[in-house]
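Written below as structure tokens is the structure these notes are about.
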Amino acid sequence: MIHVENMSFQYPSGQHMVFDSVSINITSGHIYGLLGKNGVGKSTLFRLISGINELKKGAITTLGMNPFDRDPNLLARLFLIPEDMAFPDLSIRKFAQYYGAFYPNYDPAALEQYLEKFDVPNHVVSKMSLGQRKKAMISFALSLNTDILLMDEPTNGLDIPSKRIFRSCLADLDMSNRLMMISTHQVRDLEELIDAVIIVDDRHISLSATFASLLQQYHFGELNDDMDIVYEERIGGRRCGVSRLRSEDKPDKTIDMELLFNAAVSGTITGEIV
């Protein structure tokens with residue numbers, strides 16, 4: 001769905017390169033977690049994929065099209081929720097009535113269901129709290145049924161019950177022909193939801209992998225001397241980290257996202273693993 005080849009990008013006023021010769025394939029059928037430290041370019045990657053920022057070196061194709069052409073056929077199949085956004089002085093239902101018309105798969109009945117689940121009031125969105133604005137925009141985005149949905153820090157501002165509802169809504173989606181990418185610093189919010197990960201670090205994609213492939217190759221958790229250890233740290237006096245599975249080892253069922261992230265940025269698990 002998204003193909004990036006030799007992408008380099010720097011903002012005109014920037015003093016450093018955001019991305020340097022990055023290549024990656026991002027495929028349908030997955031909910032990706034997009035992880036990285038502050039300022040490494042997660043939001044920039046979303047803006048490049050969406051065609052908001054123009055690429056000067058390298059190439060990106062999104063759904064087979066150049067996103068910087070801003071083709072309506074592409075824009076109707078992709079939606080980006082930025083970390084925060086300005087709203088006109090409209091209720092979310094009025095907003096959806098006007099803007100949903102640009103998306104052929106928009107489902108007004110689904111919007112009502114999501115708004116009810118999140119308990120979003122029918123107030124002017126610009127006057128709502130951050131958490132209420134997030135819930136309103138998530139409801140609208142999910143009701144569009146786009147092929148690609150990009151969410152930048154969607155759980156920021158959500159209370160604990162709303163985070164649970166958010167995970168429940170995403171878990172019910174049919175992702176077989178769709179792609180979702182969620183940027184977050186709150187990895188614990190997504191551990192049970194995402195099934196693939198992209199980790200950005202120091203101008204590059206440090207790791208791109210599906211969880212299925214990682215679980216076939218690595219153990220995440222407590223370590224002992226008999227293991228083939230690739231990354232280790234101390235947590236509360238315990239030896240924890242990542243080790244390569246041997247033929248006799250039973251694969252884990254889950255991945256510790258913090259251990260995976262730390263191993264990736266340390267350079268011990270890198271590349272594209274599919």
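Just remember, in the structure tokens the first chain shown is A, the second B, etc., residues are 1-based per chain, and ligands are 1-based in the order shown.
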
Contact table region 61-149 of chain A vs region 37-43 of chain A, cut-off 12 Å, shortest pair per residue, only C-alpha atoms, as a tab-separated table:
residue	atom	partner	partner_atom	distance
A:Leu80	CA	A:Ser43	CA	10.2
A:Ile81	CA	A:Ser43	CA	10.3
A:Pro82	CA	A:Ser43	CA	7.8
A:Glu83	CA	A:Ser43	CA	8.3
A:Asp84	CA	A:Ser43	CA	11.3

Extract the full set of helix (DSSP H, G or I) residues from region 54-232 of chain A according to DSSP on the backbone, and format it as an MDAnalysis selection string. chainID A and resid 67:69 72:75 92:102 108:118 125:127 130:144 160:171 187:189 211:217

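Atom pair CA of Leu144 (chain A) / CA of Val200 (chain A): separated by 28.0 Å.
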
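Each of A:Thr146, A:Ser91, A:Leu74, A:Asp174 was compared to Asn105 (chain A) using only C-alpha atoms, and A:Thr146 turns out to be the nearest.
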
Out of region 134-221 of chain A, which residues get strand (DSSP E or B) from DSSP, as a VMD selection string? chain A and resid 148 to 152 179 to 183 196 to 201 204 to 210 218 to 221

Pick out the residues sitting within 8 Å of region 240-242 of chain A, and hand them over as a VMD selection string; count only C-alpha atoms, and ignore anything fewer than 3 positions along from it in its own chain. chain A and resid 218 to 223 229 to 235 259 to 260 263
